[in-house]
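Enquirer: Structure file protein-v9.pdb (PDB, C-alpha atoms and all ligand atoms) is given on the next line.
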```
MODEL        1
ATOM      1  CA  MET A   1       0.000   0.000   0.000
ATOM      2  CA  ALA A   2       1.343   3.446  -0.915
ATOM      3  CA  LEU A   3       2.011   5.660   2.066
ATOM      4  CA  PRO A   4      -0.840   8.164   2.316
ATOM      5  CA  GLU A   5       0.252  11.728   1.668
ATOM      6  CA  ARG A   6       0.955  13.502   4.945
ATOM      7  CA  ARG A   7      -1.297  16.538   5.329
ATOM      8  CA  SER A   8      -1.557  18.916   8.223
ATOM      9  CA  SER A   9      -5.292  18.480   8.692
ATOM     10  CA  PRO A  10      -6.633  15.321   7.101
ATOM     11  CA  GLN A  11     -10.401  14.967   7.124
ATOM     12  CA  VAL A  12     -11.295  12.257   9.639
ATOM     13  CA  THR A  13     -14.732  10.674   9.366
ATOM     14  CA  LEU A  14     -16.479   7.577  10.735
ATOM     15  CA  ARG A  15     -18.833   5.161   9.061
ATOM     16  CA  PRO A  16     -20.429   2.016  10.470
ATOM     17  CA  ALA A  17     -18.322  -1.066   9.728
ATOM     18  CA  ALA A  18     -19.826  -3.282   7.025
ATOM     19  CA  PRO A  19     -19.292  -6.942   6.079
ATOM     20  CA  ARG A  20     -17.070  -5.842   3.174
ATOM     21  CA  ASP A  21     -14.564  -4.458   5.741
ATOM     22  CA  ALA A  22     -13.877  -7.877   7.280
ATOM     23  CA  ASP A  23     -10.719  -8.575   5.294
ATOM     24  CA  LEU A  24      -9.279  -5.139   6.085
ATOM     25  CA  LEU A  25     -10.048  -5.651   9.771
ATOM     26  CA  ARG A  26      -8.241  -8.998   9.676
ATOM     27  CA  GLN A  27      -5.201  -7.422   7.994
ATOM     28  CA  TRP A  28      -5.047  -4.529  10.452
ATOM     29  CA  ARG A  29      -5.387  -6.874  13.436
ATOM     30  CA  SER A  30      -2.344  -8.818  12.208
ATOM     31  CA  GLU A  31      -0.019  -5.761  12.035
ATOM     32  CA  ALA A  32       2.767  -5.808  14.634
ATOM     33  CA  SER A  33       2.247  -2.192  15.744
ATOM     34  CA  VAL A  34      -1.477  -2.816  16.246
ATOM     35  CA  ARG A  35      -0.763  -5.882  18.428
ATOM     36  CA  ARG A  36       2.106  -4.284  20.321
ATOM     37  CA  PHE A  37       0.127  -3.261  23.407
ATOM     38  CA  GLN A  38      -3.069  -5.324  23.192
ATOM     39  CA  PRO A  39      -3.906  -9.017  22.995
ATOM     40  CA  LEU A  40      -5.889  -9.494  19.770
ATOM     41  CA  ASN A  41      -7.125 -12.943  18.794
ATOM     42  CA  GLU A  42      -6.409 -14.134  15.269
ATOM     43  CA  LEU A  43      -9.963 -14.079  13.947
ATOM     44  CA  PRO A  44     -10.798 -15.453  10.504
ATOM     45  CA  THR A  45     -12.366 -13.066   7.996
ATOM     46  CA  ALA A  46     -15.624 -15.072   8.124
ATOM     47  CA  GLN A  47     -16.025 -14.447  11.836
ATOM     48  CA  LEU A  48     -15.191 -10.761  11.547
ATOM     49  CA  ARG A  49     -17.718 -10.529   8.702
ATOM     50  CA  ALA A  50     -20.407 -12.268  10.765
ATOM     51  CA  ASP A  51     -19.763 -10.005  13.770
ATOM     52  CA  VAL A  52     -20.132  -6.869  11.689
ATOM     53  CA  ALA A  53     -23.135  -8.233   9.806
ATOM     54  CA  SER A  54     -24.987  -8.770  13.075
ATOM     55  CA  GLN A  55     -24.666  -5.177  14.271
ATOM     56  CA  ARG A  56     -27.717  -2.920  14.049
ATOM     57  CA  MET A  57     -26.432   0.624  14.330
ATOM     58  CA  ALA A  58     -29.974   1.993  14.784
ATOM     59  CA  ASP A  59     -30.158   0.080  18.098
ATOM     60  CA  LEU A  60     -27.458   2.322  19.602
ATOM     61  CA  TYR A  61     -29.759   5.321  19.293
ATOM     62  CA  ARG A  62     -32.692   3.396  20.802
ATOM     63  CA  GLY A  63     -30.805   2.249  23.903
ATOM     64  CA  ARG A  64     -30.359  -1.359  22.766
ATOM     65  CA  GLY A  65     -27.600  -3.640  21.532
ATOM     66  CA  GLU A  66     -24.172  -4.571  22.831
ATOM     67  CA  LYS A  67     -21.440  -4.131  20.276
ATOM     68  CA  PHE A  68     -20.965  -1.494  17.610
ATOM     69  CA  GLN A  69     -18.051  -0.907  15.273
ATOM     70  CA  TRP A  70     -17.029   1.947  13.004
ATOM     71  CA  ILE A  71     -14.359   2.357  10.356
ATOM     72  CA  VAL A  72     -12.181   5.451  10.786
ATOM     73  CA  GLN A  73     -11.578   7.112   7.426
ATOM     74  CA  VAL A  74      -8.850   9.612   6.551
ATOM     75  CA  ASP A  75      -9.726  11.656   3.490
ATOM     76  CA  GLY A  76     -12.120   8.844   2.577
ATOM     77  CA  GLN A  77      -9.542   6.033   2.951
ATOM     78  CA  PRO A  78     -10.161   3.326   5.572
ATOM     79  CA  ALA A  79      -7.536   3.813   8.282
ATOM     80  CA  GLY A  80      -8.645   1.882  11.376
ATOM     81  CA  TRP A  81     -11.537   1.022  13.617
ATOM     82  CA  ILE A  82     -13.362   1.949  16.813
ATOM     83  CA  THR A  83     -15.528  -0.477  18.768
ATOM     84  CA  LEU A  84     -18.049   0.355  21.451
ATOM     85  CA  VAL A  85     -19.248  -2.347  23.847
ATOM     86  CA  VAL A  86     -22.243  -1.416  25.961
ATOM     87  CA  SER A  87     -22.209  -3.306  29.246
ATOM     88  CA  ASN A  88     -25.343  -1.820  30.807
ATOM     89  CA  TRP A  89     -28.026   0.322  29.202
ATOM     90  CA  GLU A  90     -29.856   0.940  32.481
ATOM     91  CA  HIS A  91     -26.839   2.812  33.833
ATOM     92  CA  GLY A  92     -25.526   4.022  30.479
ATOM     93  CA  LEU A  93     -22.159   2.221  30.671
ATOM     94  CA  ALA A  94     -19.939   1.436  27.688
ATOM     95  CA  GLU A  95     -16.303   0.884  26.788
ATOM     96  CA  VAL A  96     -14.503   2.115  23.719
ATOM     97  CA  GLY A  97     -11.560   0.419  21.954
ATOM     98  CA  TYR A  98      -9.664   1.519  18.844
ATOM     99  CA  ALA A  99      -6.718   1.020  16.525
ATOM    100  CA  LEU A 100      -5.220   2.524  13.396
ATOM    101  CA  ALA A 101      -3.315   0.767  10.643
ATOM    102  CA  THR A 102       0.409   1.385  11.021
ATOM    103  CA  VAL A 103       0.673   3.951   8.216
ATOM    104  CA  PHE A 104      -2.020   6.135   9.807
ATOM    105  CA  GLN A 105      -0.573   6.220  13.327
ATOM    106  CA  ASN A 106       1.088   9.275  14.913
ATOM    107  CA  ARG A 107      -0.781  11.795  12.746
ATOM    108  CA  GLY A 108      -3.374  12.887  15.286
ATOM    109  CA  VAL A 109      -6.081  10.833  13.587
ATOM    110  CA  MET A 110      -7.530   8.923  16.546
ATOM    111  CA  SER A 111      -8.211  12.027  18.645
ATOM    112  CA  ASP A 112     -10.197  13.484  15.745
ATOM    113  CA  ALA A 113     -12.074  10.197  15.302
ATOM    114  CA  LEU A 114     -12.946   9.995  19.004
ATOM    115  CA  ALA A 115     -14.110  13.609  18.940
ATOM    116  CA  VAL A 116     -16.599  12.733  16.188
ATOM    117  CA  LEU A 117     -17.806   9.636  18.046
ATOM    118  CA  LEU A 118     -18.093  11.227  21.495
ATOM    119  CA  ASP A 119     -20.058  14.141  20.107
ATOM    120  CA  ASP A 120     -22.540  11.715  18.562
ATOM    121  CA  LEU A 121     -22.748   9.433  21.604
ATOM    122  CA  TYR A 122     -23.274  12.216  24.131
ATOM    123  CA  HIS A 123     -25.811  14.072  22.018
ATOM    124  CA  ASN A 124     -27.772  11.194  20.525
ATOM    125  CA  THR A 125     -27.647   8.174  22.855
ATOM    126  CA  LEU A 126     -28.480   7.352  26.488
ATOM    127  CA  LEU A 127     -24.861   6.597  27.404
ATOM    128  CA  GLU A 128     -23.603   8.336  30.564
ATOM    129  CA  ARG A 129     -20.144   6.890  31.186
ATOM    130  CA  ILE A 130     -17.673   5.776  28.529
ATOM    131  CA  GLU A 131     -14.637   3.864  29.692
ATOM    132  CA  ALA A 132     -11.382   2.938  27.997
ATOM    133  CA  ARG A 133      -8.486   0.767  29.110
ATOM    134  CA  CYS A 134      -4.951   0.681  27.831
ATOM    135  CA  ALA A 135      -1.650  -0.916  28.775
ATOM    136  CA  VAL A 136       0.448   1.331  31.020
ATOM    137  CA  GLU A 137       3.183   1.189  28.353
ATOM    138  CA  ASN A 138       0.860   2.480  25.628
ATOM    139  CA  ILE A 139       1.745   6.169  25.924
ATOM    140  CA  GLY A 140       0.203   7.089  22.564
ATOM    141  CA  SER A 141      -3.186   5.706  23.605
ATOM    142  CA  GLN A 142      -3.015   7.490  26.968
ATOM    143  CA  ARG A 143      -2.282  10.781  25.196
ATOM    144  CA  VAL A 144      -5.229  10.274  22.879
ATOM    145  CA  LEU A 145      -7.573   9.636  25.821
ATOM    146  CA  GLU A 146      -6.288  12.633  27.747
ATOM    147  CA  LYS A 147      -6.565  14.887  24.679
ATOM    148  CA  SER A 148     -10.160  13.641  24.338
ATOM    149  CA  GLY A 149     -11.093  14.641  27.899
ATOM    150  CA  PHE A 150     -10.920  11.216  29.587
ATOM    151  CA  GLU A 151      -9.747  11.034  33.189
ATOM    152  CA  ARG A 152      -7.444   8.328  34.460
ATOM    153  CA  GLU A 153      -9.184   6.619  37.376
ATOM    154  CA  GLY A 154      -6.746   3.954  38.387
ATOM    155  CA  CYS A 155      -4.459   1.096  37.558
ATOM    156  CA  LEU A 156      -5.820  -2.401  36.889
ATOM    157  CA  ARG A 157      -2.944  -4.645  37.937
ATOM    158  CA  GLY A 158      -2.038  -7.669  35.806
ATOM    159  CA  TYR A 159      -5.115  -7.021  33.676
ATOM    160  CA  PHE A 160      -4.183  -9.125  30.652
ATOM    161  CA  LYS A 161      -1.442 -11.373  29.376
ATOM    162  CA  LEU A 162       0.552 -10.191  26.378
ATOM    163  CA  ARG A 163       3.251 -12.416  24.856
ATOM    164  CA  GLY A 164       3.504 -14.334  28.115
ATOM    165  CA  ARG A 165       3.731 -11.273  30.386
ATOM    166  CA  ARG A 166       0.932  -9.917  32.578
ATOM    167  CA  MET A 167       0.387  -6.223  31.852
ATOM    168  CA  ASP A 168      -1.058  -3.531  34.072
ATOM    169  CA  ASN A 169      -3.724  -1.360  32.447
ATOM    170  CA  TYR A 170      -4.955   2.135  33.178
ATOM    171  CA  LEU A 171      -8.686   2.665  33.429
ATOM    172  CA  TYR A 172     -10.000   5.903  31.956
ATOM    173  CA  SER A 173     -13.508   7.299  31.783
ATOM    174  CA  LEU A 174     -15.400  10.250  30.420
ATOM    175  CA  LEU A 175     -18.786  11.142  31.919
ATOM    176  CA  ARG A 176     -21.501  12.762  29.851
ATOM    177  CA  GLU A 177     -21.776  15.749  32.218
ATOM    178  CA  ASP A 178     -18.027  16.357  32.124
ATOM    179  CA  TYR A 179     -17.944  16.029  28.341
ATOM    180  CA  LEU A 180     -20.790  18.508  27.873
ATOM    181  CA  ALA A 181     -19.280  20.934  30.378
ATOM    182  CA  GLN A 182     -15.880  20.755  28.617
ATOM    183  CA  ARG A 183     -17.339  21.217  25.130
ATOM    184  CA  GLU A 184     -20.178  23.594  25.687
ATOM    185  CA  GLY A 185     -19.202  25.477  28.825
ATOM    186  CA  PRO A 186     -21.664  26.873  31.370
ATOM    187  CA  GLY A 187     -25.044  28.139  30.190
TER     188      GLY A 187
HETATM  189  C1  LIG B   1      -2.648   4.314  20.042
HETATM  190  C2  LIG B   1      -3.225   4.990  18.798
HETATM  191  C3  LIG B   1      -4.713   4.755  18.725
HETATM  192  C4  LIG B   1      -2.956   6.500  18.923
HETATM  193  O1  LIG B   1      -3.595   7.182  17.875
HETATM  194  P1  LIG B   1      -2.773   8.204  16.964
HETATM  195  O2  LIG B   1      -3.737   8.898  16.081
HETATM  196  O3  LIG B   1      -1.634   7.475  16.362
HETATM  197  O4  LIG B   1      -2.235   9.195  18.091
HETATM  198  P2  LIG B   1      -1.619  10.658  17.933
HETATM  199  O5  LIG B   1      -1.050  10.865  16.560
HETATM  200  O6  LIG B   1      -2.620  11.625  18.425
HETATM  201  O7  LIG B   1      -0.384  10.578  18.944
HETATM  202  C5  LIG B   1      -0.569  10.378  20.293
HETATM  203  C6  LIG B   1       0.351  11.262  21.126
HETATM  204  O8  LIG B   1       1.151  10.364  21.895
HETATM  205  C7  LIG B   1       2.507  10.692  21.737
HETATM  206  N1  LIG B   1       3.271   9.450  21.832
HETATM  207  C8  LIG B   1       3.110   8.331  21.119
HETATM  208  N2  LIG B   1       3.994   7.408  21.535
HETATM  209  C9  LIG B   1       4.723   7.991  22.536
HETATM  210  C10 LIG B   1       5.775   7.555  23.367
HETATM  211  N3  LIG B   1       6.270   6.319  23.256
HETATM  212  N4  LIG B   1       6.249   8.396  24.296
HETATM  213  C11 LIG B   1       5.744   9.642  24.421
HETATM  214  N5  LIG B   1       4.739  10.103  23.650
HETATM  215  C12 LIG B   1       4.251   9.283  22.730
HETATM  216  C13 LIG B   1       2.591  11.351  20.383
HETATM  217  O9  LIG B   1       3.739  12.177  20.306
HETATM  218  C14 LIG B   1       1.302  12.178  20.402
HETATM  219  O10 LIG B   1       1.501  13.306  21.233
HETATM  220  P3  LIG B   1       0.800  14.728  20.971
HETATM  221  O11 LIG B   1      -0.662  14.494  20.991
HETATM  222  O12 LIG B   1       1.241  15.580  22.095
HETATM  223  O13 LIG B   1       1.248  15.172  19.625
HETATM  224  C15 LIG B   1      -2.575   4.459  17.495
HETATM  225  O14 LIG B   1      -1.205   4.767  17.499
HETATM  226  C16 LIG B   1      -2.789   2.974  17.307
HETATM  227  O15 LIG B   1      -3.766   2.577  16.709
HETATM  228  N6  LIG B   1      -1.853   2.132  17.826
HETATM  229  C17 LIG B   1      -1.957   0.680  17.697
HETATM  230  C18 LIG B   1      -3.192   0.055  18.350
HETATM  231  C19 LIG B   1      -3.387   0.482  19.786
HETATM  232  O16 LIG B   1      -2.446   0.552  20.571
HETATM  233  N7  LIG B   1      -4.647   0.765  20.124
HETATM  234  C20 LIG B   1      -5.024   1.212  21.455
HETATM  235  C21 LIG B   1      -5.178   0.089  22.383
HETATM  236  S1  LIG B   1      -5.598   0.694  23.997
ENDMDL
END
```
Could you take the file, read its structure, and then write that structure out as C-alpha cells?
Ligand SMILES: CC(C)(COP(=O)(O)OP(=O)(O)OC[C@H]1O[C@@H](n2cnc3c(N)ncnc32)[C@H](O)[C@@H]1OP(=O)(O)O)[C@@H](O)C(=O)NCCC(=O)NCCS
Expert:
Amino acid sequence: MALPERRSSPQVTLRPAAPRDADLLRQWRSEASVRRFQPLNELPTAQLRADVASQRMADLYRGRGEKFQWIVQVDGQPAGWITLVVSNWEHGLAEVGYALATVFQNRGVMSDALAVLLDDLYHNTLLERIEARCAVENIGSQRVLEKSGFEREGCLRGYFKLRGRRMDNYLYSLLREDYLAQREGPG
C-alpha cells in the first residue's frame, strides 16, 4: 500500500463497519504495531464478517444492543476502527476500543475520530459513562484519551497477558456531564 500523503489536517470521518470491511479488519489486526500493546485474537475473515453483519447501528440510538463498530476514514480512505461495547443500558455504561493501521498512526487521527464519536454518543444516545483501558506502556493511547477529555481513574494490575507477560492497564472514563461541560461550557 502506498504511504498516504501527509497533510496537516486530514479529514477524519467515521462510518459504520460493514461486512465488506472484514478482510481489512483482519489485515489490520495482524499488524505488529497494532498488536504491540493489546492481545488481539487471530480471527478469521468469516467471523469478523459475521460479527459486523450482526450489528444494528440503529439500536445504539434506541438504547439497545451490545457491540458497535465503526471504520475510521482519513480523506475517505479506511484507516482503522473503533468499537463500542455497551455493558449496561440501564446505567448508560460502555467501553470504547480503537486502533489505526500502522501507516495512519502518529498523525493525530484517533483524537479526531474519538471527537466525532463522542459528540454523537453524548448528544444522541443514552450513554452516561464511557470507559477505555490501555496498557500502562501504551503512551500514545493514553495521550489520545487525555486529549479527548478522559480522566485516568486507576491502575488495573495484571489485567491481561501479552506475549507471556501480565500487563497492568490504566482505566480511563469520560462522563456525559463532564464532556458537555468541557465542550459547551456553562449556560
Ligand atoms: C494508540 C493509537 C490509537 C494512537 O492514535 P494516533 O492517532 O496514532 O495518536 P496521535 O497521533 O494523536 O499521537 C498520540 C500522542 O502520543 C505521543 N506518543 C506516542 N507514543 C509515545 C511515546 N512512546 N512516548 C511519548 N509520547 C508518545 C505522540 O507524540 C502524540 O503526542 P501529541 O498528541 O502531544 O502530539 C494508534 O497509534 C494505534 O492505533 N496504535 C496501535 C493500536 C493500539 O495501541 N490501540 C489502542 C489500544 S488501547
Enquirer: Pick out the residues no farther than 10 Å from ligand LIG 1 (chain B), counting only C-alpha atoms and all ligand atoms, and list them as a ChimeraX atom specification.
Expert: /A:28-29,31-40,79-82,96-114,132-148,169-170
Enquirer: Quick one: distance from CA of Pro19 (chain A) to CA of Ala50 (chain A) in Å, one decimal?
Expert: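 For CA of Pro19 (chain A) relative to CA of Ala50 (chain A), the distance reads 7.2 Å.
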Enquirer: Which residues match the PyMOL selection byres (((chain A and resi 154) around 8) and not hetatm) in the file above, as a VMD selection string?
Expert: chain A and resid 152 to 153 155 to 156 170 to 172
Enquirer: Measuring between all atoms listed in the file, which one of A:Phe150, A:Gln182, A:His123, A:Arg165 shows the shortest distance to Glu95 (chain A)?
Expert: A:Phe150
Enquirer: Can you turn the PyMOL selection byres (((chain A and resi 177) around 12) and not hetatm) into a concrete residue list for this file, as JSON, numbers by chain?
Expert: {"A": [122, 123, 127, 128, 129, 130, 149, 173, 174, 175, 176, 178, 179, 180, 181, 182, 183, 184, 185, 186]}
Enquirer: Could those selected residues go to a file with C-alpha atoms, as an mmCIF file, in the frame of the given file?
Expert:
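Result file is selection21.cif:
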```cif
data_model
loop_
_atom_site.group_PDB
_atom_site.id
_atom_site.type_symbol
_atom_site.label_atom_id
_atom_site.label_comp_id
_atom_site.auth_asym_id
_atom_site.auth_seq_id
_atom_site.Cartn_x
_atom_site.Cartn_y
_atom_site.Cartn_z
ATOM 1 C CA TYR A 122 -23.274 12.216 24.131
ATOM 2 C CA HIS A 123 -25.811 14.072 22.018
ATOM 3 C CA LEU A 127 -24.861 6.597 27.404
ATOM 4 C CA GLU A 128 -23.603 8.336 30.564
ATOM 5 C CA ARG A 129 -20.144 6.890 31.186
ATOM 6 C CA ILE A 130 -17.673 5.776 28.529
ATOM 7 C CA GLY A 149 -11.093 14.641 27.899
ATOM 8 C CA SER A 173 -13.508 7.299 31.783
ATOM 9 C CA LEU A 174 -15.400 10.250 30.420
ATOM 10 C CA LEU A 175 -18.786 11.142 31.919
ATOM 11 C CA ARG A 176 -21.501 12.762 29.851
ATOM 12 C CA ASP A 178 -18.027 16.357 32.124
ATOM 13 C CA TYR A 179 -17.944 16.029 28.341
ATOM 14 C CA LEU A 180 -20.790 18.508 27.873
ATOM 15 C CA ALA A 181 -19.280 20.934 30.378
ATOM 16 C CA GLN A 182 -15.880 20.755 28.617
ATOM 17 C CA ARG A 183 -17.339 21.217 25.130
ATOM 18 C CA GLU A 184 -20.178 23.594 25.687
ATOM 19 C CA GLY A 185 -19.202 25.477 28.825
ATOM 20 C CA PRO A 186 -21.664 26.873 31.370
#
```
